[in-house]
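Participant: See coords.cif below, with mmCIF, C-alpha atoms and all ligand atoms; chains and numbers go by the auth columns.
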```cif
data_target
loop_
_atom_site.group_PDB
_atom_site.id
_atom_site.type_symbol
_atom_site.label_atom_id
_atom_site.label_comp_id
_atom_site.label_asym_id
_atom_site.label_seq_id
_atom_site.Cartn_x
_atom_site.Cartn_y
_atom_site.Cartn_z
_atom_site.B_iso_or_equiv
_atom_site.auth_seq_id
_atom_site.auth_asym_id
ATOM 1 C CA MET A 1 22.094 -39.992 13.845 0.00 943 N
ATOM 2 C CA CYS A 2 25.798 -40.824 13.888 0.00 944 N
ATOM 3 C CA LEU A 3 28.012 -40.538 10.833 0.00 945 N
ATOM 4 C CA SER A 4 28.150 -44.265 10.046 0.00 946 N
ATOM 5 C CA ASP A 5 24.319 -44.574 10.192 0.00 947 N
ATOM 6 C CA LEU A 6 24.041 -41.497 8.017 0.00 948 N
ATOM 7 C CA SER A 7 26.382 -42.788 5.313 0.00 949 N
ATOM 8 C CA ALA A 8 24.526 -46.133 5.300 0.00 950 N
ATOM 9 C CA GLU A 9 21.213 -44.281 4.991 0.00 951 N
ATOM 10 C CA LEU A 10 22.498 -42.144 2.124 0.00 952 N
ATOM 11 C CA SER A 11 23.677 -45.256 0.190 0.00 953 N
ATOM 12 C CA VAL A 12 26.837 -43.537 -1.033 0.00 954 N
ATOM 13 C CA VAL A 13 27.932 -45.886 -3.835 0.00 955 N
ATOM 14 C CA ASN A 14 31.286 -44.276 -4.560 0.00 956 N
ATOM 15 C CA SER A 15 33.289 -44.974 -1.389 0.00 957 N
ATOM 16 C CA SER A 16 35.801 -42.184 -2.138 0.00 958 N
ATOM 17 C CA LYS A 17 32.989 -39.708 -1.492 0.00 959 N
ATOM 18 C CA ILE A 18 32.347 -40.884 2.083 0.00 960 N
ATOM 19 C CA SER A 19 35.278 -38.756 3.289 0.00 961 N
ATOM 20 C CA PHE A 20 33.368 -35.628 2.231 0.00 962 N
ATOM 21 C CA LEU A 21 30.447 -36.399 4.532 0.00 963 N
ATOM 22 C CA PRO A 22 32.105 -35.178 7.785 0.00 964 N
ATOM 23 C CA ILE A 23 33.097 -31.965 5.958 0.00 965 N
ATOM 24 C CA LEU A 24 29.529 -31.374 4.835 0.00 966 N
ATOM 25 C CA MET A 25 28.248 -32.124 8.346 0.00 967 N
ATOM 26 C CA ARG A 26 30.754 -29.694 9.886 0.00 968 N
ATOM 27 C CA PHE A 27 29.526 -27.018 7.494 0.00 969 N
ATOM 28 C CA LEU A 28 25.879 -27.723 8.445 0.00 970 N
ATOM 29 C CA VAL A 29 26.724 -27.575 12.168 0.00 971 N
ATOM 30 C CA GLN A 30 28.617 -24.288 11.706 0.00 972 N
ATOM 31 C CA SER A 31 25.671 -22.769 9.845 0.00 973 N
ATOM 32 C CA GLY A 32 23.279 -23.681 12.669 0.00 974 N
ATOM 33 C CA PHE A 33 21.475 -26.253 10.632 0.00 975 N
ATOM 34 C CA LEU A 34 22.427 -29.194 12.828 0.00 976 N
ATOM 35 C CA ASN A 35 23.668 -29.643 16.383 0.00 977 N
ATOM 36 C CA GLN A 36 26.479 -32.021 17.192 0.00 978 N
ATOM 37 C CA HIS A 37 26.869 -33.879 20.468 0.00 979 N
ATOM 38 C CA GLU A 38 29.849 -36.241 20.582 0.00 980 N
ATOM 39 C CA ASP A 39 29.499 -38.329 17.396 0.00 981 N
ATOM 40 C CA HIS A 40 25.769 -37.694 16.914 0.00 982 N
ATOM 41 C CA TYR A 41 24.003 -35.026 14.875 0.00 983 N
ATOM 42 C CA PHE A 42 20.619 -33.554 15.828 0.00 984 N
ATOM 43 C CA LEU A 43 18.070 -31.371 14.057 0.00 985 N
ATOM 44 C CA THR A 44 17.783 -27.691 15.033 0.00 986 N
ATOM 45 C CA PRO A 45 14.592 -25.575 14.709 0.00 987 N
ATOM 46 C CA ALA A 46 15.826 -24.531 11.225 0.00 988 N
ATOM 47 C CA SER A 47 16.365 -28.058 9.918 0.00 989 N
ATOM 48 C CA ARG A 48 13.139 -29.319 11.513 0.00 990 N
ATOM 49 C CA LEU A 49 11.344 -27.039 9.038 0.00 991 N
ATOM 50 C CA LEU A 50 12.627 -29.347 6.288 0.00 992 N
ATOM 51 C CA ALA A 51 11.862 -32.695 7.932 0.00 993 N
ATOM 52 C CA LYS A 52 9.155 -34.532 5.949 0.00 994 N
ATOM 53 C CA ASP A 53 7.447 -35.889 9.074 0.00 995 N
ATOM 54 C CA ASP A 54 7.207 -32.505 10.833 0.00 996 N
ATOM 55 C CA PRO A 55 3.586 -31.274 10.515 0.00 997 N
ATOM 56 C CA PHE A 56 4.786 -27.689 9.997 0.00 998 N
ATOM 57 C CA ASN A 57 7.585 -28.421 7.533 0.00 999 N
ATOM 58 C CA VAL A 58 8.096 -26.070 4.571 0.00 1000 N
ATOM 59 C CA ARG A 59 10.189 -28.523 2.555 0.00 1001 N
ATOM 60 C CA SER A 60 8.296 -27.987 -0.692 0.00 1002 N
ATOM 61 C CA LEU A 61 8.911 -24.223 -0.460 0.00 1003 N
ATOM 62 C CA LEU A 62 12.629 -24.956 -0.651 0.00 1004 N
ATOM 63 C CA LEU A 63 12.096 -27.459 -3.489 0.00 1005 N
ATOM 64 C CA LEU A 64 10.089 -24.819 -5.367 0.00 1006 N
ATOM 65 C CA ASN A 65 12.695 -22.077 -5.021 0.00 1007 N
ATOM 66 C CA HIS A 66 15.548 -24.394 -5.983 0.00 1008 N
ATOM 67 C CA GLY A 67 13.660 -26.255 -8.730 0.00 1009 N
ATOM 68 C CA GLN A 68 14.649 -25.827 -12.383 0.00 1010 N
ATOM 69 C CA ALA A 69 11.886 -23.434 -13.488 0.00 1011 N
ATOM 70 C CA VAL A 70 12.255 -20.923 -10.633 0.00 1012 N
ATOM 71 C CA SER A 71 16.080 -21.207 -10.495 0.00 1013 N
ATOM 72 C CA LYS A 72 16.195 -20.130 -14.135 0.00 1014 N
ATOM 73 C CA ALA A 73 14.495 -16.842 -13.132 0.00 1015 N
ATOM 74 C CA TRP A 74 16.954 -15.754 -10.391 0.00 1016 N
ATOM 75 C CA PRO A 75 19.875 -14.894 -12.716 0.00 1017 N
ATOM 76 C CA GLU A 76 17.470 -12.613 -14.650 0.00 1018 N
ATOM 77 C CA LEU A 77 16.963 -10.361 -11.622 0.00 1019 N
ATOM 78 C CA SER A 78 19.614 -7.758 -12.561 0.00 1020 N
ATOM 79 C CA ASP A 79 18.334 -7.486 -16.159 0.00 1021 N
ATOM 80 C CA TRP A 80 14.745 -7.289 -14.908 0.00 1022 N
ATOM 81 C CA PHE A 81 15.488 -3.985 -13.133 0.00 1023 N
ATOM 82 C CA GLN A 82 16.534 -2.570 -16.490 0.00 1024 N
ATOM 83 C CA ASN A 83 14.080 -4.163 -18.941 0.00 1025 N
ATOM 84 C CA ASP A 84 10.275 -3.995 -19.458 0.00 1026 N
ATOM 85 C CA SER A 85 9.544 -7.593 -18.501 0.00 1027 N
ATOM 86 C CA PRO A 86 6.922 -7.817 -15.703 0.00 1028 N
ATOM 87 C CA THR A 87 8.846 -10.448 -13.700 0.00 1029 N
ATOM 88 C CA PRO A 88 12.219 -12.243 -13.849 0.00 1030 N
ATOM 89 C CA PHE A 89 10.180 -15.417 -14.473 0.00 1031 N
ATOM 90 C CA HIS A 90 8.807 -13.794 -17.663 0.00 1032 N
ATOM 91 C CA THR A 91 12.320 -12.916 -18.806 0.00 1033 N
ATOM 92 C CA ALA A 92 13.482 -16.497 -18.281 0.00 1034 N
ATOM 93 C CA HIS A 93 10.451 -18.324 -19.724 0.00 1035 N
ATOM 94 C CA GLY A 94 8.679 -15.790 -21.947 0.00 1036 N
ATOM 95 C CA LYS A 95 5.451 -16.170 -19.960 0.00 1037 N
ATOM 96 C CA SER A 96 4.056 -15.603 -16.481 0.00 1038 N
ATOM 97 C CA LEU A 97 4.381 -18.195 -13.739 0.00 1039 N
ATOM 98 C CA TRP A 98 0.589 -18.708 -13.905 0.00 1040 N
ATOM 99 C CA ASP A 99 0.594 -19.306 -17.689 0.00 1041 N
ATOM 100 C CA TYR A 100 3.576 -21.631 -17.334 0.00 1042 N
ATOM 101 C CA ILE A 101 1.716 -23.671 -14.702 0.00 1043 N
ATOM 102 C CA GLU A 102 -1.490 -23.720 -16.758 0.00 1044 N
ATOM 103 C CA GLU A 103 0.288 -24.891 -19.931 0.00 1045 N
ATOM 104 C CA GLU A 104 2.750 -27.472 -18.557 0.00 1046 N
ATOM 105 C CA GLN A 105 1.871 -31.126 -19.170 0.00 1047 N
ATOM 106 C CA PRO A 106 2.039 -33.027 -16.874 0.00 1048 N
ATOM 107 C CA SER A 107 1.663 -30.589 -13.972 0.00 1049 N
ATOM 108 C CA VAL A 108 5.005 -30.560 -12.116 0.00 1050 N
ATOM 109 C CA LEU A 109 5.692 -26.966 -11.112 0.00 1051 N
ATOM 110 C CA GLY A 110 1.980 -26.425 -10.422 0.00 1052 N
ATOM 111 C CA ASP A 111 1.853 -29.292 -7.918 0.00 1053 N
ATOM 112 C CA ILE A 112 5.054 -28.192 -6.170 0.00 1054 N
ATOM 113 C CA PHE A 113 3.834 -24.580 -6.143 0.00 1055 N
ATOM 114 C CA ASN A 114 0.465 -25.424 -4.572 0.00 1056 N
ATOM 115 C CA ASP A 115 2.106 -27.696 -2.018 0.00 1057 N
ATOM 116 C CA ALA A 116 4.787 -25.089 -1.200 0.00 1058 N
ATOM 117 C CA LEU A 117 2.261 -22.325 -0.625 0.00 1059 N
ATOM 118 C CA ALA A 118 0.075 -24.636 1.414 0.00 1060 N
ATOM 119 C CA SER A 119 2.998 -25.639 3.654 0.00 1061 N
ATOM 120 C CA ASP A 120 3.955 -22.002 4.215 0.00 1062 N
ATOM 121 C CA SER A 121 0.322 -21.247 5.058 0.00 1063 N
ATOM 122 C CA ARG A 122 0.083 -24.209 7.463 0.00 1064 N
ATOM 123 C CA LEU A 123 2.997 -22.825 9.457 0.00 1065 N
ATOM 124 C CA ASN A 124 1.720 -19.230 9.498 0.00 1066 N
ATOM 125 C CA THR A 125 -1.948 -20.078 10.005 0.00 1067 N
ATOM 126 C CA ASN A 126 -1.092 -22.081 13.074 0.00 1068 N
ATOM 127 C CA VAL A 127 0.270 -18.861 14.634 0.00 1069 N
ATOM 128 C CA LEU A 128 -2.612 -16.805 13.224 0.00 1070 N
ATOM 129 C CA ILE A 129 -5.435 -18.819 14.777 0.00 1071 N
ATOM 130 C CA THR A 130 -3.728 -19.374 18.117 0.00 1072 N
ATOM 131 C CA GLU A 131 -1.990 -16.006 18.760 0.00 1073 N
ATOM 132 C CA CYS A 132 -4.167 -13.586 16.750 0.00 1074 N
ATOM 133 C CA LYS A 133 -7.741 -14.703 17.553 0.00 1075 N
ATOM 134 C CA HIS A 134 -8.804 -11.062 18.114 0.00 1076 N
ATOM 135 C CA VAL A 135 -8.376 -10.353 14.368 0.00 1077 N
ATOM 136 C CA PHE A 136 -11.440 -12.526 13.650 0.00 1078 N
ATOM 137 C CA LYS A 137 -13.666 -11.074 16.393 0.00 1079 N
ATOM 138 C CA GLY A 138 -17.024 -9.921 15.014 0.00 1080 N
ATOM 139 C CA LEU A 139 -16.464 -11.301 11.521 0.00 1081 N
ATOM 140 C CA THR A 140 -19.310 -13.268 9.956 0.00 1082 N
ATOM 141 C CA SER A 141 -17.757 -13.920 6.545 0.00 1083 N
ATOM 142 C CA LEU A 142 -14.490 -13.590 4.671 0.00 1084 N
ATOM 143 C CA VAL A 143 -13.126 -14.184 1.167 0.00 1085 N
ATOM 144 C CA ASP A 144 -9.621 -15.572 0.784 0.00 1086 N
ATOM 145 C CA VAL A 145 -8.587 -14.007 -2.545 0.00 1087 N
ATOM 146 C CA GLY A 146 -5.951 -16.123 -4.296 0.00 1088 N
ATOM 147 C CA GLY A 147 -6.478 -18.606 -1.468 0.00 1089 N
ATOM 148 C CA GLY A 148 -4.841 -21.487 -3.352 0.00 1090 N
ATOM 149 C CA THR A 149 -6.027 -24.910 -2.268 0.00 1091 N
ATOM 150 C CA GLY A 150 -7.561 -23.389 0.864 0.00 1092 N
ATOM 151 C CA THR A 151 -5.068 -24.252 3.603 0.00 1093 N
ATOM 152 C CA VAL A 152 -5.597 -20.934 5.397 0.00 1094 N
ATOM 153 C CA SER A 153 -9.365 -20.875 4.997 0.00 1095 N
ATOM 154 C CA ILE A 154 -9.830 -24.518 5.986 0.00 1096 N
ATOM 155 C CA ALA A 155 -8.000 -23.813 9.260 0.00 1097 N
ATOM 156 C CA ILE A 156 -9.940 -20.561 9.855 0.00 1098 N
ATOM 157 C CA ALA A 157 -13.291 -22.214 9.044 0.00 1099 N
ATOM 158 C CA LYS A 158 -12.493 -25.001 11.518 0.00 1100 N
ATOM 159 C CA ALA A 159 -11.286 -22.672 14.286 0.00 1101 N
ATOM 160 C CA PHE A 160 -14.163 -20.182 13.829 0.00 1102 N
ATOM 161 C CA PRO A 161 -17.319 -22.136 12.858 0.00 1103 N
ATOM 162 C CA ASN A 162 -19.415 -18.921 12.813 0.00 1104 N
ATOM 163 C CA ILE A 163 -17.408 -17.414 9.971 0.00 1105 N
ATOM 164 C CA LYS A 164 -18.515 -18.277 6.434 0.00 1106 N
ATOM 165 C CA CYS A 165 -15.330 -18.617 4.367 0.00 1107 N
ATOM 166 C CA THR A 166 -14.978 -18.447 0.577 0.00 1108 N
ATOM 167 C CA VAL A 167 -11.783 -19.340 -1.277 0.00 1109 N
ATOM 168 C CA LEU A 168 -11.400 -17.628 -4.662 0.00 1110 N
ATOM 169 C CA ASP A 169 -8.654 -18.925 -6.933 0.00 1111 N
ATOM 170 C CA LEU A 170 -8.109 -19.800 -10.584 0.00 1112 N
ATOM 171 C CA PRO A 171 -10.395 -22.586 -11.903 0.00 1113 N
ATOM 172 C CA GLN A 172 -7.457 -24.969 -12.494 0.00 1114 N
ATOM 173 C CA VAL A 173 -6.486 -24.639 -8.809 0.00 1115 N
ATOM 174 C CA VAL A 174 -9.870 -24.977 -7.087 0.00 1116 N
ATOM 175 C CA GLY A 175 -11.710 -26.947 -9.802 0.00 1117 N
ATOM 176 C CA ASP A 176 -12.110 -30.288 -8.000 0.00 1118 N
ATOM 177 C CA LEU A 177 -11.978 -29.087 -4.401 0.00 1119 N
ATOM 178 C CA LYS A 178 -14.897 -29.752 -2.089 0.00 1120 N
ATOM 179 C CA GLY A 179 -15.870 -27.290 0.623 0.00 1121 N
ATOM 180 C CA SER A 180 -17.643 -27.836 3.931 0.00 1122 N
ATOM 181 C CA TRP A 181 -20.723 -26.293 5.523 0.00 1123 N
ATOM 182 C CA ASN A 182 -18.937 -22.999 6.276 0.00 1124 N
ATOM 183 C CA LEU A 183 -16.384 -23.110 3.427 0.00 1125 N
ATOM 184 C CA ASP A 184 -16.868 -22.715 -0.357 0.00 1126 N
ATOM 185 C CA PHE A 185 -14.394 -22.875 -3.231 0.00 1127 N
ATOM 186 C CA VAL A 186 -15.044 -20.510 -6.142 0.00 1128 N
ATOM 187 C CA GLY A 187 -13.077 -20.687 -9.406 0.00 1129 N
ATOM 188 C CA GLY A 188 -12.563 -17.325 -11.123 0.00 1130 N
ATOM 189 C CA ASP A 189 -10.308 -14.400 -11.911 0.00 1131 N
ATOM 190 C CA MET A 190 -9.858 -11.883 -9.111 0.00 1132 N
ATOM 191 C CA PHE A 191 -9.387 -9.128 -11.694 0.00 1133 N
ATOM 192 C CA ASP A 192 -12.899 -9.807 -13.063 0.00 1134 N
ATOM 193 C CA THR A 193 -14.932 -10.227 -9.905 0.00 1135 N
ATOM 194 C CA ILE A 194 -14.594 -11.119 -6.234 0.00 1136 N
ATOM 195 C CA PRO A 195 -17.506 -12.971 -4.593 0.00 1137 N
HETATM 196 C C1 LIG B . 1.009 -16.626 -3.446 0.00 1201 N
HETATM 197 S S1 LIG B . -0.265 -17.759 -3.891 0.00 1201 N
HETATM 198 C C2 LIG B . -1.284 -17.764 -2.452 0.00 1201 N
HETATM 199 C C3 LIG B . -1.529 -19.144 -1.864 0.00 1201 N
HETATM 200 C C4 LIG B . -2.537 -19.253 -0.774 0.00 1201 N
HETATM 201 N N1 LIG B . -2.764 -18.052 -0.034 0.00 1201 N
HETATM 202 C C5 LIG B . -2.229 -20.424 0.172 0.00 1201 N
HETATM 203 O O1 LIG B . -2.335 -20.235 1.363 0.00 1201 N
HETATM 204 O O2 LIG B . -1.848 -21.515 -0.260 0.00 1201 N
HETATM 205 C C6 LIG B . -1.203 -16.794 -4.997 0.00 1201 N
HETATM 206 C C7 LIG B . -2.438 -17.484 -5.492 0.00 1201 N
HETATM 207 O O3 LIG B . -3.106 -16.578 -6.368 0.00 1201 N
HETATM 208 C C8 LIG B . -3.715 -17.342 -7.388 0.00 1201 N
HETATM 209 N N2 LIG B . -3.977 -16.442 -8.519 0.00 1201 N
HETATM 210 C C9 LIG B . -3.107 -15.927 -9.426 0.00 1201 N
HETATM 211 N N3 LIG B . -3.738 -15.150 -10.303 0.00 1201 N
HETATM 212 C C10 LIG B . -5.055 -15.140 -9.947 0.00 1201 N
HETATM 213 C C11 LIG B . -6.229 -14.505 -10.471 0.00 1201 N
HETATM 214 N N4 LIG B . -6.153 -13.703 -11.521 0.00 1201 N
HETATM 215 N N5 LIG B . -7.420 -14.716 -9.855 0.00 1201 N
HETATM 216 C C12 LIG B . -7.504 -15.528 -8.786 0.00 1201 N
HETATM 217 N N6 LIG B . -6.429 -16.164 -8.216 0.00 1201 N
HETATM 218 C C13 LIG B . -5.212 -15.968 -8.801 0.00 1201 N
HETATM 219 C C14 LIG B . -2.725 -18.437 -7.685 0.00 1201 N
HETATM 220 O O4 LIG B . -3.322 -19.555 -8.330 0.00 1201 N
HETATM 221 C C15 LIG B . -2.186 -18.747 -6.275 0.00 1201 N
HETATM 222 O O5 LIG B . -2.880 -19.835 -5.700 0.00 1201 N
#
```
Now that the file is in, can you turn its structure into structure tokens?

Facilitator:
Amino acid sequence: MCLSDLSAELSVVNSSKISFLPILMRFLVQSGFLNQHEDHYFLTPASRLLAKDDPFNVRSLLLLNHGQAVSKAWPELSDWFQNDSPTPFHTAHGKSLWDYIEEEQPSVLGDIFNDALASDSRLNTNVLITECKHVFKGLTSLVDVGGGTGTVSIAIAKAFPNIKCTVLDLPQVVGDLKGSWNLDFVGGDMFDTIP
């Protein structure tokens, strides 16, 4: 995209701010986030990871880490090393991430969290089932403990039809999910029992 197309696309309403766009773009080029050729800017492997239409994008992982709830936990990191709180998230919110997600109405962080983890898993699982096939040799079943919405197991079950896969996660995460002939979702607490 060239600069004029980009500013039109961004619908910058305050025209005095347009002059900052080339500065921002220069910064993004210098940090390896974009390439520049003449007056056009191109995505690099790093920025492709954030492009919505890239099948292996991890955009929601970035949105999660920079969202309000998680951002509030980062400044607590120094205190956390010195206090008794189990996580910086606890210090910031007075409860665990899991309790926060369970109690929030409507579910905002929970949806972003599940999507973020799933996108990270999509990227990694693609490498796992193409480059590391030998890991699955001889396996007849596996349980994906804390397997979220099943991104990893769905890909494994598809790539290795002879392996019976079970996804164990909290009931509010796997409650409505449907499995397939070699994939089951089980709602439960991994500290109580693992199927
Ligand atoms: C880091 S995420 C893993 C996501 C998953 N591997 C994926 O590919 O999307 C951790 C998962 O553990 C689940 N979890 C947390 N506490 C749990 C518990 N006590 N029993 C079962 N699952 C739990 C969360 O709901 C979350 O989905």

Participant: Write out as CSV the residues of chain N that have any atom within 9 Å of an atom of ligand LIG 1201 (chain N), one row each with the nearest atom pair and its distance in Å to one decimal, counting all atoms listed in the file, sorted by chain and then rising number.

Facilitator:
```
residue,atom,partner,partner_atom,distance
N:Leu1039,CA,N:LIG1201,C9,8.9
N:Trp1040,CA,N:LIG1201,C9,6.4
N:Gly1052,CA,N:LIG1201,O4,8.9
N:Phe1055,CA,N:LIG1201,O5,8.2
N:Asn1056,CA,N:LIG1201,O2,6.3
N:Asp1057,CA,N:LIG1201,O2,7.5
N:Ala1058,CA,N:LIG1201,O2,7.6
N:Leu1059,CA,N:LIG1201,O2,4.2
N:Ala1060,CA,N:LIG1201,O2,4.0
N:Ser1061,CA,N:LIG1201,O2,7.5
N:Asp1062,CA,N:LIG1201,O1,7.1
N:Ser1063,CA,N:LIG1201,O1,4.7
N:Arg1064,CA,N:LIG1201,O1,7.7
N:Thr1067,CA,N:LIG1201,O1,8.7
N:Asp1086,CA,N:LIG1201,N1,7.3
N:Val1087,CA,N:LIG1201,N6,6.4
N:Gly1088,CA,N:LIG1201,O3,3.5
N:Gly1089,CA,N:LIG1201,N1,4.0
N:Gly1090,CA,N:LIG1201,O5,3.5
N:Thr1091,CA,N:LIG1201,O2,5.7
N:Gly1092,CA,N:LIG1201,O2,6.1
N:Thr1093,CA,N:LIG1201,O1,5.4
N:Val1094,CA,N:LIG1201,O1,5.2
N:Ser1095,CA,N:LIG1201,O1,7.9
N:Leu1110,CA,N:LIG1201,C12,6.0
N:Asp1111,CA,N:LIG1201,N6,3.8
N:Leu1112,CA,N:LIG1201,N6,4.7
N:Pro1113,CA,N:LIG1201,C12,8.2
N:Gln1114,CA,N:LIG1201,O4,8.0
N:Val1115,CA,N:LIG1201,O4,6.0
N:Val1116,CA,N:LIG1201,O4,8.6
N:Gly1129,CA,N:LIG1201,C12,7.6
N:Gly1130,CA,N:LIG1201,C12,5.9
N:Asp1131,CA,N:LIG1201,N5,3.6
N:Met1132,CA,N:LIG1201,N5,3.8
N:Phe1133,CA,N:LIG1201,N4,5.6
N:Asp1134,CA,N:LIG1201,N4,7.9
N:Thr1135,CA,N:LIG1201,N5,8.8
N:Ile1136,CA,N:LIG1201,C12,8.7
```

Participant: Check the smallest atom-to-atom distance from each of N:Ser1027, N:Pro964, N:Thr1072, N:Asn1066 to Phe998 of chain N using all atoms listed in the file, then report the winner.

Facilitator: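 With all atoms listed in the file as the atom set, the closest residue is N:Asn1066.
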
Participant: Please indicate the distance in Å from atom CA of His1035 of chain N to atom CA of Glu1018 of chain N, rounded to one decimal place.

Facilitator: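 For atom CA of His1035 of chain N relative to atom CA of Glu1018 of chain N, the distance reads 10.4 Å.
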
Participant: Go ahead and compute the interatomic distance for atom CA of Ile1105 of chain N and atom CA of Ser1083 of chain N, in Å to one decimal.

Facilitator: 4.9 Å

Participant: For Asp996 of chain N, which residue among N:Ser1049, N:Leu1065, N:Phe1078, N:Trp1123 is the nearest when counting all atoms listed in the file?

Facilitator: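 With all atoms listed in the file as the atom set, the closest residue is N:Leu1065.
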
Participant: In Å to one decimal, how far is atom CA of Lys959 of chain N from atom CA of His1008 of chain N?

Facilitator: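 Atom CA of Lys959 of chain N lies at a distance of 23.6 Å from atom CA of His1008 of chain N.
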
Participant: Starting from the PyMOL selection byres (((chain N and resi 1104) around 10) and not hetatm), expand the selection into actual residues of this file and give them as a PyMOL selection string.

Facilitator: chain N and resi 1080-1083+1099-1103+1105-1107+1124
